[in-house]
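Encoded as structure tokens, the structure appears first; notes follow it.
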Protein chains: 2
Amino acid sequence: MQRYFVENKNIYNNLAIIDSNDFHHIKNVMRMNISDKLEICDYSENLYLAEIIKFNKDNVEVKLVEKLNSNTELNTNVTIALGLTKQAKIEEVVKRITELGATGFFAVELTYSNVRLKNFKLNYSRLDKIVKEASEQSKRTKILKINESLSFKNFLDFSKSFDILVFAYEGLKDNNEQLLNDLIKTFENKNVLVLVGPEGGFTNDEVEILKQNKFIPVGLGRRILRLETAPLYILSAVSYELEL
Amino acid sequence: MQRYFVENKNIYNNLAIIDSNDFHHIKNVMRMNISDKLEICDYSENLYLAEIIKFNKDNVEVKLVEKLNSNTELNTNVTIALGLTKQAKIEEVVKRITELGATGFFAVELTYSNVRLKNFKLNYSRLDKIVKEASEQSKRTKILKINESLSFKNFLDFSKSFDILVFAYEGLKDNNEQLLNDLIKTFENKNVLVLVGPEGGFTNDEVEILKQNKFIPVGLGRRILRLETAPLYILSAVSYELEL
């Protein structure tokens with residue numbers, strides 16, 4: 001069944017108003033009619049079975065028929081921090097990590113980032129749209145939160161609010177100080193921050209500073225993964241370890 | 001260090017000739033000079049340290065200085081079969097599964113495939129180029145093999161040459177008949193075929209036929225994954241289970 005996220009302000013007791021893109025999708029793409037059923041998820045992780053009761057000029061009214069139980073979320077909160085890079089690559093990562101159950105995302109400017117914060121601004125409204133669509137399609141009930149991009153210094157400050165800090169470090173190869181397998185087992189009900197470096201990797205200085213700030217380096221297998229792939233590896237591993 | 005795959009026919013004892021795109025890359029992108037070092041990998045999984053000895057008009061000659069040991073391959077052969085879909089999606093999957101260590105790839109026409117074999121031909125030379133570049137960047141020594149797309153019937157015949165047959169099936173949810181965790185532990189040194197369905201999923205008939213043909217259904221966590229994401233989940237899980 002089709003699922004739509006609806007802003008809490010558009011939900012009144014047992015009635016919801018769906019407008020803009022979703023209205024268009026329901027009316028013109030799905031060609032739904034009065035009495036057709038759909039799923040409504042609010043931004044507080046509540047999921048409802050709903051029924052279309054009225055089409056207006058700019059929106060459609062649905063009745064919330066029944067509250068549904070859903071269990072599609074990871075039992076850990078994983079935020080991915082990615083070395084700042086171009087919009088297209090970030091969109092690709094955001095789409096996939098949403099499907100794979102991540103809780104949050106932001107970009108971090110590192111020495112080898114190929115774009116710089118001072119002359120580059122991500123299109124956040126596009127990212128939010130990608131998150132919403134990927135959440136609906138993957139049947140999630142939680143909306144991944146996109147935060148503002150940060151400098152490395154601000155990132156280190158921000159990281160102190162997390163329980164477990166990890167960074168993907170290819171320099172380790174076969175001598176992992178701590179195996180990801182053991183680490184993921186400790187993720188349950190924790191707020192985890194995973195940093196994946198930019199195309200050029202981390203500088204030695206950055207690696208040292210990360211370690212001093214309690215970031216645990218982890219290897220991701222024997223091959224060199226691109227920055228678009230490494231976050232997916234980690235989230236797949238989290239699901240594999242904690243959900244299967 | 002930069003790595004280039006060179007066709008076996010261009011390697012003569014301790015000399016290799018690099019032409020076409022790689023020649024351009026070495027000369028104009030990397031701007032390398034005589035005596036510069038690079039890595040050469042042939043198509044039989046041999047890796048060499050090499051040194052540039054001469055630039056010609058259309059190629060560059062390198063001397064193989066030393067055979068190198070490398071251990072970047074999974075200790076299992078995983079071939080991904082994907083529900084036939086558009087070229088762009090297949091390119092995305094091929095690029096990522098190459099990085100993640102897959103051995104082979106081909107597309108299968110299924111009932112819900114959004115393109116049909118009879119009026120659609122993949123651009124295989126583009127796929128081979130993507131594989132080569134992703135192999136070089138991820139530091140692999142083995143070249144993923146792209147096979148011709150198959151009908152479902154031919155796919156079932158072809159599957160008989162594999163040791164372990166798996167298909168990603170979201171219908172299972174929390175009642176997995178066999179957990180992927182247990183299954184992957186049996187992958188070592190085996191030829192494994194993993195089928196991921198098209199956008200619309202499998203028909204009930206297809207699921208029944210797959211089961212009759214010894215395909216094991218596996219769930220991939222609680223969310224619905226897109227066809228571009230499911231193969232990456234499985235290969236990440238294979239690396240996580242067997243390499244870390």
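Ordering of the structure tokens sets the chain letters (A, B, ...); residue numbers start at 1 within each chain; ligands are numbered from 1 in the order shown.
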
Please return as an mmCIF file with all heavy atoms, in the first residue's frame: the residues of region 42-182 of chain B that backbone DSSP assigns to helix (DSSP H, G or I).
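Just written: part_33.cif:
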data_model
loop_
_atom_site.group_PDB
_atom_site.id
_atom_site.type_symbol
_atom_site.label_atom_id
_atom_site.label_comp_id
_atom_site.auth_asym_id
_atom_site.auth_seq_id
_atom_site.Cartn_x
_atom_site.Cartn_y
_atom_site.Cartn_z
ATOM 1 N N GLN B 87 19.676 0.745 -18.234
ATOM 2 C CA GLN B 87 21.145 0.800 -18.254
ATOM 3 C C GLN B 87 21.709 1.584 -17.052
ATOM 4 O O GLN B 87 22.651 1.126 -16.399
ATOM 5 C CB GLN B 87 21.605 1.451 -19.570
ATOM 6 C CG GLN B 87 23.107 1.681 -19.704
ATOM 7 C CD GLN B 87 23.890 0.452 -20.164
ATOM 8 O OE1 GLN B 87 23.339 -0.481 -20.732
ATOM 9 N NE2 GLN B 87 25.185 0.442 -19.881
ATOM 10 N N ALA B 88 21.141 2.747 -16.760
ATOM 11 C CA ALA B 88 21.718 3.608 -15.713
ATOM 12 C C ALA B 88 21.718 2.907 -14.360
ATOM 13 O O ALA B 88 22.696 2.980 -13.602
ATOM 14 C CB ALA B 88 20.941 4.922 -15.621
ATOM 15 N N LYS B 89 20.627 2.219 -14.042
ATOM 16 C CA LYS B 89 20.558 1.511 -12.758
ATOM 17 C C LYS B 89 21.537 0.350 -12.727
ATOM 18 O O LYS B 89 22.164 0.077 -11.707
ATOM 19 C CB LYS B 89 19.134 0.993 -12.514
ATOM 20 C CG LYS B 89 18.166 2.094 -12.151
ATOM 21 C CD LYS B 89 16.840 1.543 -11.673
ATOM 22 C CE LYS B 89 15.916 2.717 -11.343
ATOM 23 N NZ LYS B 89 14.617 2.259 -10.815
ATOM 24 N N ILE B 90 21.649 -0.331 -13.843
ATOM 25 C CA ILE B 90 22.573 -1.465 -13.905
ATOM 26 C C ILE B 90 24.012 -0.978 -13.776
ATOM 27 O O ILE B 90 24.823 -1.593 -13.077
ATOM 28 C CB ILE B 90 22.321 -2.285 -15.191
ATOM 29 C CG1 ILE B 90 21.007 -3.071 -15.000
ATOM 30 C CG2 ILE B 90 23.491 -3.228 -15.493
ATOM 31 C CD1 ILE B 90 20.615 -3.981 -16.116
ATOM 32 N N GLU B 91 24.321 0.159 -14.373
ATOM 33 C CA GLU B 91 25.673 0.717 -14.226
ATOM 34 C C GLU B 91 25.988 1.033 -12.764
ATOM 35 O O GLU B 91 27.083 0.765 -12.276
ATOM 36 C CB GLU B 91 25.809 1.995 -15.078
ATOM 37 C CG GLU B 91 25.864 1.688 -16.565
ATOM 38 C CD GLU B 91 26.051 2.925 -17.425
ATOM 39 O OE1 GLU B 91 26.237 4.037 -16.883
ATOM 40 O OE2 GLU B 91 25.999 2.772 -18.662
ATOM 41 N N GLU B 92 25.009 1.624 -12.090
ATOM 42 C CA GLU B 92 25.187 1.963 -10.670
ATOM 43 C C GLU B 92 25.467 0.690 -9.848
ATOM 44 O O GLU B 92 26.389 0.650 -9.025
ATOM 45 C CB GLU B 92 23.916 2.677 -10.175
ATOM 46 C CG GLU B 92 23.852 2.986 -8.703
ATOM 47 C CD GLU B 92 24.898 3.982 -8.257
ATOM 48 O OE1 GLU B 92 25.372 4.777 -9.091
ATOM 49 O OE2 GLU B 92 25.259 3.938 -7.062
ATOM 50 N N VAL B 93 24.672 -0.348 -10.096
ATOM 51 C CA VAL B 93 24.852 -1.598 -9.351
ATOM 52 C C VAL B 93 26.205 -2.232 -9.672
ATOM 53 O O VAL B 93 26.930 -2.666 -8.769
ATOM 54 C CB VAL B 93 23.702 -2.592 -9.660
ATOM 55 C CG1 VAL B 93 23.998 -3.974 -9.099
ATOM 56 C CG2 VAL B 93 22.385 -2.061 -9.105
ATOM 57 N N VAL B 94 26.547 -2.262 -10.953
ATOM 58 C CA VAL B 94 27.802 -2.907 -11.367
ATOM 59 C C VAL B 94 29.002 -2.201 -10.738
ATOM 60 O O VAL B 94 29.948 -2.838 -10.263
ATOM 61 C CB VAL B 94 27.898 -2.942 -12.912
ATOM 62 C CG1 VAL B 94 29.320 -3.216 -13.374
ATOM 63 C CG2 VAL B 94 26.948 -4.006 -13.462
ATOM 64 N N LYS B 95 28.964 -0.875 -10.715
ATOM 65 C CA LYS B 95 30.064 -0.118 -10.125
ATOM 66 C C LYS B 95 30.244 -0.479 -8.643
ATOM 67 O O LYS B 95 31.340 -0.796 -8.190
ATOM 68 C CB LYS B 95 29.761 1.382 -10.251
ATOM 69 C CG LYS B 95 30.924 2.273 -9.869
ATOM 70 C CD LYS B 95 30.476 3.711 -9.678
ATOM 71 C CE LYS B 95 30.128 4.373 -11.000
ATOM 72 N NZ LYS B 95 29.724 5.797 -10.826
ATOM 73 N N ARG B 96 29.136 -0.496 -7.915
ATOM 74 C CA ARG B 96 29.211 -0.731 -6.460
ATOM 75 C C ARG B 96 29.559 -2.185 -6.119
ATOM 76 O O ARG B 96 30.318 -2.436 -5.189
ATOM 77 C CB ARG B 96 27.895 -0.345 -5.784
ATOM 78 C CG ARG B 96 27.467 1.085 -6.012
ATOM 79 C CD ARG B 96 28.167 2.088 -5.110
ATOM 80 N NE ARG B 96 27.971 3.408 -5.665
ATOM 81 C CZ ARG B 96 28.947 4.226 -6.048
ATOM 82 N NH1 ARG B 96 30.198 3.884 -5.903
ATOM 83 N NH2 ARG B 96 28.670 5.394 -6.561
ATOM 84 N N ILE B 97 28.982 -3.134 -6.849
ATOM 85 C CA ILE B 97 29.273 -4.535 -6.513
ATOM 86 C C ILE B 97 30.700 -4.902 -6.906
ATOM 87 O O ILE B 97 31.295 -5.801 -6.328
ATOM 88 C CB ILE B 97 28.260 -5.546 -7.113
ATOM 89 C CG1 ILE B 97 28.340 -5.592 -8.641
ATOM 90 C CG2 ILE B 97 26.841 -5.259 -6.621
ATOM 91 C CD1 ILE B 97 27.504 -6.711 -9.254
ATOM 92 N N THR B 98 31.250 -4.188 -7.882
ATOM 93 C CA THR B 98 32.665 -4.406 -8.210
ATOM 94 C C THR B 98 33.528 -3.988 -7.023
ATOM 95 O O THR B 98 34.395 -4.744 -6.575
ATOM 96 C CB THR B 98 33.060 -3.607 -9.469
ATOM 97 O OG1 THR B 98 32.280 -4.052 -10.565
ATOM 98 C CG2 THR B 98 34.529 -3.788 -9.794
ATOM 99 N N GLU B 99 33.276 -2.790 -6.507
ATOM 100 C CA GLU B 99 33.999 -2.325 -5.314
ATOM 101 C C GLU B 99 33.874 -3.302 -4.152
ATOM 102 O O GLU B 99 34.805 -3.478 -3.369
ATOM 103 C CB GLU B 99 33.373 -1.028 -4.800
ATOM 104 C CG GLU B 99 33.770 0.217 -5.505
ATOM 105 C CD GLU B 99 32.998 1.381 -4.902
ATOM 106 O OE1 GLU B 99 33.207 1.680 -3.721
ATOM 107 O OE2 GLU B 99 32.160 1.965 -5.617
ATOM 108 N N LEU B 117 13.744 -8.008 -22.866
ATOM 109 C CA LEU B 117 14.935 -8.457 -23.600
ATOM 110 C C LEU B 117 14.821 -8.243 -25.107
ATOM 111 O O LEU B 117 15.782 -7.857 -25.763
ATOM 112 C CB LEU B 117 15.165 -9.954 -23.362
ATOM 113 C CG LEU B 117 15.981 -10.381 -22.152
ATOM 114 C CD1 LEU B 117 16.181 -11.891 -22.177
ATOM 115 C CD2 LEU B 117 17.326 -9.675 -22.131
ATOM 116 N N LYS B 118 13.651 -8.486 -25.664
ATOM 117 C CA LYS B 118 13.529 -8.468 -27.121
ATOM 118 C C LYS B 118 13.711 -7.062 -27.717
ATOM 119 O O LYS B 118 14.051 -6.931 -28.878
ATOM 120 C CB LYS B 118 12.210 -9.098 -27.571
ATOM 121 C CG LYS B 118 10.978 -8.320 -27.186
ATOM 122 C CD LYS B 118 9.735 -8.930 -27.849
ATOM 123 C CE LYS B 118 8.553 -8.090 -27.499
ATOM 124 N NZ LYS B 118 7.393 -8.251 -27.085
ATOM 125 N N ASN B 119 13.472 -6.014 -26.931
ATOM 126 C CA ASN B 119 13.707 -4.682 -27.500
ATOM 127 C C ASN B 119 14.647 -3.833 -26.649
ATOM 128 O O ASN B 119 14.541 -2.613 -26.582
ATOM 129 C CB ASN B 119 12.378 -3.949 -27.734
ATOM 130 C CG ASN B 119 11.455 -4.093 -26.532
ATOM 131 O OD1 ASN B 119 11.939 -4.287 -25.412
ATOM 132 N ND2 ASN B 119 10.164 -4.013 -26.748
ATOM 133 N N TYR B 124 27.206 -3.338 -23.153
ATOM 134 C CA TYR B 124 28.170 -4.142 -22.383
ATOM 135 C C TYR B 124 29.557 -3.516 -22.349
ATOM 136 O O TYR B 124 30.291 -3.681 -21.375
ATOM 137 C CB TYR B 124 28.245 -5.569 -22.952
ATOM 138 C CG TYR B 124 26.983 -6.365 -22.696
ATOM 139 C CD1 TYR B 124 26.046 -6.566 -23.693
ATOM 140 C CD2 TYR B 124 26.732 -6.899 -21.423
ATOM 141 C CE1 TYR B 124 24.880 -7.278 -23.453
ATOM 142 C CE2 TYR B 124 25.565 -7.610 -21.184
ATOM 143 C CZ TYR B 124 24.649 -7.796 -22.200
ATOM 144 O OH TYR B 124 23.497 -8.486 -21.954
ATOM 145 N N SER B 125 29.943 -2.798 -23.403
ATOM 146 C CA SER B 125 31.298 -2.229 -23.387
ATOM 147 C C SER B 125 31.386 -1.128 -22.328
ATOM 148 O O SER B 125 32.416 -0.972 -21.674
ATOM 149 C CB SER B 125 31.699 -1.730 -24.778
ATOM 150 O OG SER B 125 30.883 -0.661 -25.160
ATOM 151 N N ARG B 126 30.300 -0.389 -22.138
ATOM 152 C CA ARG B 126 30.281 0.604 -21.050
ATOM 153 C C ARG B 126 30.385 -0.087 -19.686
ATOM 154 O O ARG B 126 31.084 0.381 -18.786
ATOM 155 C CB ARG B 126 28.975 1.405 -21.088
ATOM 156 C CG ARG B 126 29.115 2.753 -21.778
ATOM 157 C CD ARG B 126 27.849 3.570 -21.583
ATOM 158 N NE ARG B 126 27.704 4.029 -20.209
ATOM 159 C CZ ARG B 126 28.094 5.230 -19.792
ATOM 160 N NH1 ARG B 126 28.633 6.080 -20.626
ATOM 161 N NH2 ARG B 126 27.934 5.572 -18.529
ATOM 162 N N LEU B 127 29.670 -1.193 -19.537
ATOM 163 C CA LEU B 127 29.714 -1.924 -18.264
ATOM 164 C C LEU B 127 31.121 -2.446 -17.989
ATOM 165 O O LEU B 127 31.623 -2.369 -16.860
ATOM 166 C CB LEU B 127 28.703 -3.074 -18.257
ATOM 167 C CG LEU B 127 27.225 -2.673 -18.273
ATOM 168 C CD1 LEU B 127 26.330 -3.911 -18.307
ATOM 169 C CD2 LEU B 127 26.869 -1.825 -17.052
ATOM 170 N N ASP B 128 31.780 -2.965 -19.044
ATOM 171 C CA ASP B 128 33.147 -3.477 -18.865
ATOM 172 C C ASP B 128 34.099 -2.357 -18.442
ATOM 173 O O ASP B 128 34.989 -2.560 -17.610
ATOM 174 C CB ASP B 128 33.644 -4.124 -20.171
ATOM 175 C CG ASP B 128 32.997 -5.485 -20.409
ATOM 176 O OD1 ASP B 128 32.519 -6.094 -19.432
ATOM 177 O OD2 ASP B 128 32.961 -5.940 -21.562
ATOM 178 N N LYS B 129 33.892 -1.174 -19.006
ATOM 179 C CA LYS B 129 34.732 -0.021 -18.665
ATOM 180 C C LYS B 129 34.520 0.363 -17.182
ATOM 181 O O LYS B 129 35.479 0.663 -16.454
ATOM 182 C CB LYS B 129 34.351 1.146 -19.590
ATOM 183 C CG LYS B 129 35.221 2.363 -19.483
ATOM 184 C CD LYS B 129 35.074 3.233 -20.748
ATOM 185 C CE LYS B 129 35.899 4.517 -20.635
ATOM 186 N NZ LYS B 129 35.214 5.577 -19.878
ATOM 187 N N ILE B 130 33.269 0.346 -16.763
ATOM 188 C CA ILE B 130 32.944 0.679 -15.365
ATOM 189 C C ILE B 130 33.594 -0.332 -14.420
ATOM 190 O O ILE B 130 34.153 0.022 -13.380
ATOM 191 C CB ILE B 130 31.407 0.721 -15.179
ATOM 192 C CG1 ILE B 130 30.855 1.994 -15.836
ATOM 193 C CG2 ILE B 130 31.015 0.635 -13.711
ATOM 194 C CD1 ILE B 130 29.359 2.009 -16.006
ATOM 195 N N VAL B 131 33.531 -1.601 -14.806
ATOM 196 C CA VAL B 131 34.130 -2.657 -13.976
ATOM 197 C C VAL B 131 35.642 -2.439 -13.858
ATOM 198 O O VAL B 131 36.205 -2.499 -12.767
ATOM 199 C CB VAL B 131 33.856 -4.053 -14.577
ATOM 200 C CG1 VAL B 131 34.745 -5.115 -13.929
ATOM 201 C CG2 VAL B 131 32.382 -4.421 -14.408
ATOM 202 N N LYS B 132 36.283 -2.158 -14.983
ATOM 203 C CA LYS B 132 37.738 -1.977 -14.983
ATOM 204 C C LYS B 132 38.132 -0.827 -14.057
ATOM 205 O O LYS B 132 39.024 -0.961 -13.208
ATOM 206 C CB LYS B 132 38.213 -1.729 -16.419
ATOM 207 C CG LYS B 132 39.710 -1.493 -16.547
ATOM 208 C CD LYS B 132 40.123 -1.388 -18.012
ATOM 209 C CE LYS B 132 41.591 -1.020 -18.163
ATOM 210 N NZ LYS B 132 41.928 0.327 -17.703
ATOM 211 N N GLU B 133 37.447 0.308 -14.203
ATOM 212 C CA GLU B 133 37.791 1.474 -13.385
ATOM 213 C C GLU B 133 37.523 1.235 -11.902
ATOM 214 O O GLU B 133 38.327 1.609 -11.040
ATOM 215 C CB GLU B 133 37.024 2.705 -13.870
ATOM 216 C CG GLU B 133 37.598 3.241 -15.183
ATOM 217 C CD GLU B 133 36.789 4.382 -15.795
ATOM 218 O OE1 GLU B 133 35.809 4.837 -15.144
ATOM 219 O OE2 GLU B 133 37.129 4.800 -16.909
ATOM 220 N N ALA B 134 36.396 0.604 -11.603
ATOM 221 C CA ALA B 134 36.064 0.346 -10.196
ATOM 222 C C ALA B 134 37.037 -0.670 -9.594
ATOM 223 O O ALA B 134 37.389 -0.588 -8.411
ATOM 224 C CB ALA B 134 34.622 -0.145 -10.069
ATOM 225 N N SER B 135 37.483 -1.621 -10.408
ATOM 226 C CA SER B 135 38.450 -2.626 -9.924
ATOM 227 C C SER B 135 39.780 -1.962 -9.604
ATOM 228 O O SER B 135 40.417 -2.270 -8.594
ATOM 229 C CB SER B 135 38.685 -3.698 -10.987
ATOM 230 O OG SER B 135 37.474 -4.323 -11.329
ATOM 231 N N GLU B 136 40.206 -1.058 -10.481
ATOM 232 C CA GLU B 136 41.469 -0.349 -10.269
ATOM 233 C C GLU B 136 41.399 0.493 -9.003
ATOM 234 O O GLU B 136 42.319 0.490 -8.177
ATOM 235 C CB GLU B 136 41.786 0.523 -11.488
ATOM 236 C CG GLU B 136 42.202 -0.309 -12.716
ATOM 237 C CD GLU B 136 42.202 0.455 -14.031
ATOM 238 O OE1 GLU B 136 41.746 1.617 -14.058
ATOM 239 O OE2 GLU B 136 42.640 -0.128 -15.043
ATOM 240 N N GLN B 137 40.293 1.215 -8.847
ATOM 241 C CA GLN B 137 40.182 2.113 -7.703
ATOM 242 C C GLN B 137 40.037 1.393 -6.373
ATOM 243 O O GLN B 137 40.512 1.865 -5.349
ATOM 244 C CB GLN B 137 38.999 3.064 -7.908
ATOM 245 C CG GLN B 137 39.442 4.373 -8.522
ATOM 246 C CD GLN B 137 38.373 5.001 -9.384
ATOM 247 O OE1 GLN B 137 37.276 4.469 -9.521
ATOM 248 N NE2 GLN B 137 38.689 6.134 -9.968
ATOM 249 N N SER B 138 39.346 0.252 -6.406
ATOM 250 C CA SER B 138 39.128 -0.469 -5.146
ATOM 251 C C SER B 138 40.283 -1.423 -4.848
ATOM 252 O O SER B 138 40.282 -2.106 -3.847
ATOM 253 C CB SER B 138 37.803 -1.228 -5.205
ATOM 254 O OG SER B 138 37.791 -2.134 -6.291
ATOM 255 N N PHE B 152 14.164 -15.792 -17.861
ATOM 256 C CA PHE B 152 14.023 -16.512 -16.594
ATOM 257 C C PHE B 152 14.310 -18.005 -16.794
ATOM 258 O O PHE B 152 14.975 -18.639 -15.978
ATOM 259 C CB PHE B 152 12.607 -16.295 -16.039
ATOM 260 C CG PHE B 152 12.412 -16.819 -14.635
ATOM 261 C CD1 PHE B 152 13.292 -16.491 -13.610
ATOM 262 C CD2 PHE B 152 11.312 -17.631 -14.330
ATOM 263 C CE1 PHE B 152 13.102 -16.963 -12.315
ATOM 264 C CE2 PHE B 152 11.113 -18.099 -13.032
ATOM 265 C CZ PHE B 152 12.009 -17.776 -12.030
ATOM 266 N N LYS B 153 13.816 -18.534 -17.913
ATOM 267 C CA LYS B 153 14.026 -19.952 -18.201
ATOM 268 C C LYS B 153 15.514 -20.276 -18.345
ATOM 269 O O LYS B 153 16.027 -21.225 -17.749
ATOM 270 C CB LYS B 153 13.275 -20.328 -19.487
ATOM 271 C CG LYS B 153 13.357 -21.796 -19.837
ATOM 272 C CD LYS B 153 12.549 -22.128 -21.071
ATOM 273 C CE LYS B 153 12.782 -23.592 -21.468
ATOM 274 N NZ LYS B 153 14.200 -23.919 -21.687
ATOM 275 N N ASN B 154 16.220 -19.476 -19.138
ATOM 276 C CA ASN B 154 17.658 -19.713 -19.318
ATOM 277 C C ASN B 154 18.430 -19.479 -18.017
ATOM 278 O O ASN B 154 19.437 -20.134 -17.749
ATOM 279 C CB ASN B 154 18.217 -18.818 -20.423
ATOM 280 C CG ASN B 154 17.738 -19.261 -21.797
ATOM 281 O OD1 ASN B 154 17.290 -20.400 -21.972
ATOM 282 N ND2 ASN B 154 17.798 -18.357 -22.761
ATOM 283 N N PHE B 155 17.936 -18.539 -17.232
ATOM 284 C CA PHE B 155 18.550 -18.265 -15.930
ATOM 285 C C PHE B 155 18.494 -19.512 -15.041
ATOM 286 O O PHE B 155 19.476 -19.863 -14.380
ATOM 287 C CB PHE B 155 17.815 -17.092 -15.267
ATOM 288 C CG PHE B 155 18.087 -16.937 -13.801
ATOM 289 C CD1 PHE B 155 19.301 -16.427 -13.362
ATOM 290 C CD2 PHE B 155 17.132 -17.301 -12.860
ATOM 291 C CE1 PHE B 155 19.566 -16.288 -12.002
ATOM 292 C CE2 PHE B 155 17.389 -17.164 -11.504
ATOM 293 C CZ PHE B 155 18.607 -16.662 -11.075
ATOM 294 N N LEU B 156 17.352 -20.174 -15.034
ATOM 295 C CA LEU B 156 17.206 -21.375 -14.193
ATOM 296 C C LEU B 156 18.188 -22.468 -14.632
ATOM 297 O O LEU B 156 18.788 -23.145 -13.801
ATOM 298 C CB LEU B 156 15.768 -21.890 -14.232
ATOM 299 C CG LEU B 156 14.727 -20.967 -13.573
ATOM 300 C CD1 LEU B 156 13.320 -21.495 -13.810
ATOM 301 C CD2 LEU B 156 14.984 -20.787 -12.074
ATOM 302 N N ASP B 157 18.362 -22.605 -15.949
ATOM 303 C CA ASP B 157 19.351 -23.576 -16.457
ATOM 304 C C ASP B 157 20.758 -23.190 -15.997
ATOM 305 O O ASP B 157 21.510 -24.011 -15.469
ATOM 306 C CB ASP B 157 19.331 -23.620 -17.994
ATOM 307 C CG ASP B 157 18.033 -24.218 -18.527
ATOM 308 O OD1 ASP B 157 17.341 -24.913 -17.752
ATOM 309 O OD2 ASP B 157 17.707 -23.966 -19.702
ATOM 310 N N PHE B 158 21.094 -21.927 -16.217
ATOM 311 C CA PHE B 158 22.424 -21.391 -15.874
ATOM 312 C C PHE B 158 22.719 -21.555 -14.382
ATOM 313 O O PHE B 158 23.860 -21.795 -13.979
ATOM 314 C CB PHE B 158 22.451 -19.916 -16.279
ATOM 315 C CG PHE B 158 23.774 -19.229 -16.116
ATOM 316 C CD1 PHE B 158 24.881 -19.634 -16.868
ATOM 317 C CD2 PHE B 158 23.928 -18.161 -15.239
ATOM 318 C CE1 PHE B 158 26.108 -18.976 -16.732
ATOM 319 C CE2 PHE B 158 25.153 -17.512 -15.100
ATOM 320 C CZ PHE B 158 26.242 -17.919 -15.844
ATOM 321 N N SER B 159 21.675 -21.438 -13.550
ATOM 322 C CA SER B 159 21.871 -21.470 -12.090
ATOM 323 C C SER B 159 22.395 -22.828 -11.611
ATOM 324 O O SER B 159 23.002 -22.917 -10.547
ATOM 325 C CB SER B 159 20.554 -21.146 -11.374
ATOM 326 O OG SER B 159 19.638 -22.216 -11.487
ATOM 327 N N GLU B 170 11.452 -10.024 0.006
ATOM 328 C CA GLU B 170 10.911 -9.198 1.078
ATOM 329 C C GLU B 170 9.648 -9.801 1.695
ATOM 330 O O GLU B 170 9.216 -9.385 2.752
ATOM 331 C CB GLU B 170 10.621 -7.788 0.567
ATOM 332 C CG GLU B 170 9.521 -7.746 -0.487
ATOM 333 C CD GLU B 170 9.417 -6.371 -1.143
ATOM 334 O OE1 GLU B 170 10.453 -5.791 -1.493
ATOM 335 O OE2 GLU B 170 8.296 -5.881 -1.287
ATOM 336 N N GLY B 171 9.063 -10.784 1.019
ATOM 337 C CA GLY B 171 7.842 -11.391 1.534
ATOM 338 C C GLY B 171 8.042 -12.115 2.862
ATOM 339 O O GLY B 171 7.090 -12.406 3.565
ATOM 340 N N LEU B 172 9.287 -12.398 3.202
ATOM 341 C CA LEU B 172 9.533 -13.198 4.392
ATOM 342 C C LEU B 172 9.395 -12.412 5.684
ATOM 343 O O LEU B 172 8.932 -12.915 6.691
ATOM 344 C CB LEU B 172 10.955 -13.766 4.350
ATOM 345 C CG LEU B 172 11.176 -14.869 3.343
ATOM 346 C CD1 LEU B 172 12.655 -15.167 3.229
ATOM 347 C CD2 LEU B 172 10.429 -16.122 3.785
ATOM 348 N N LEU B 180 20.233 -15.171 6.703
ATOM 349 C CA LEU B 180 21.380 -14.867 5.865
ATOM 350 C C LEU B 180 22.682 -15.104 6.639
ATOM 351 O O LEU B 180 23.677 -15.565 6.083
ATOM 352 C CB LEU B 180 21.283 -13.405 5.392
ATOM 353 C CG LEU B 180 22.287 -12.926 4.361
ATOM 354 C CD1 LEU B 180 22.240 -13.747 3.092
ATOM 355 C CD2 LEU B 180 22.073 -11.446 4.036
ATOM 356 N N ASN B 181 22.646 -14.816 7.940
ATOM 357 C CA ASN B 181 23.841 -14.994 8.777
ATOM 358 C C ASN B 181 24.374 -16.423 8.728
ATOM 359 O O ASN B 181 25.580 -16.640 8.624
ATOM 360 C CB ASN B 181 23.555 -14.664 10.248
ATOM 361 C CG ASN B 181 22.803 -13.371 10.416
ATOM 362 O OD1 ASN B 181 21.881 -13.100 9.662
ATOM 363 N ND2 ASN B 181 23.199 -12.564 11.376
ATOM 364 N N ASP B 182 23.450 -17.377 8.861
ATOM 365 C CA ASP B 182 23.880 -18.776 8.839
ATOM 366 C C ASP B 182 24.338 -19.172 7.443
ATOM 367 O O ASP B 182 25.307 -19.908 7.259
ATOM 368 C CB ASP B 182 22.730 -19.696 9.267
ATOM 369 C CG ASP B 182 22.317 -19.405 10.697
ATOM 370 O OD1 ASP B 182 23.194 -19.019 11.493
ATOM 371 O OD2 ASP B 182 21.118 -19.546 11.001
#

Spatial neighbours of region 3-8 of chain B, 12 Å, only C-alpha atoms, chain gap at least 5 places, as JSON, numbers by chain: {"B": [13, 14, 15, 16, 17, 18, 19, 20, 21, 22, 23, 25, 26, 30, 37, 38, 39, 40, 41, 42, 43, 44, 45, 46, 47, 48, 49, 50, 51, 60, 61, 62, 64, 128, 129, 131, 132, 133, 134, 135, 136, 137, 138, 139, 140, 141, 142, 143]}

Closest atom pairs, residues of chain B within 6 Å of chain A, only C-alpha atoms, as a Markdown table:
| residue | atom | partner | partner_atom | distance |
| --- | --- | --- | --- | --- |
| B:Thr72 | CA | A:Arg222 | CA | 4.8 |
| B:Ser138 | CA | A:Ile224 | CA | 4.2 |
| B:Lys139 | CA | A:Arg223 | CA | 6.0 |
| B:Gly221 | CA | A:Glu243 | CA | 5.8 |
| B:Arg222 | CA | A:Thr72 | CA | 4.8 |
| B:Arg223 | CA | A:Ser138 | CA | 5.2 |
| B:Ile224 | CA | A:Ser138 | CA | 4.3 |
| B:Leu225 | CA | A:Ser138 | CA | 6.0 |
| B:Tyr233 | CA | A:Ser236 | CA | 5.0 |
| B:Ser236 | CA | A:Tyr233 | CA | 5.0 |
| B:Ala237 | CA | A:Ala237 | CA | 5.7 |
| B:Ser239 | CA | A:Gly221 | CA | 5.9 |
| B:Glu243 | CA | A:Gly221 | CA | 5.8 |
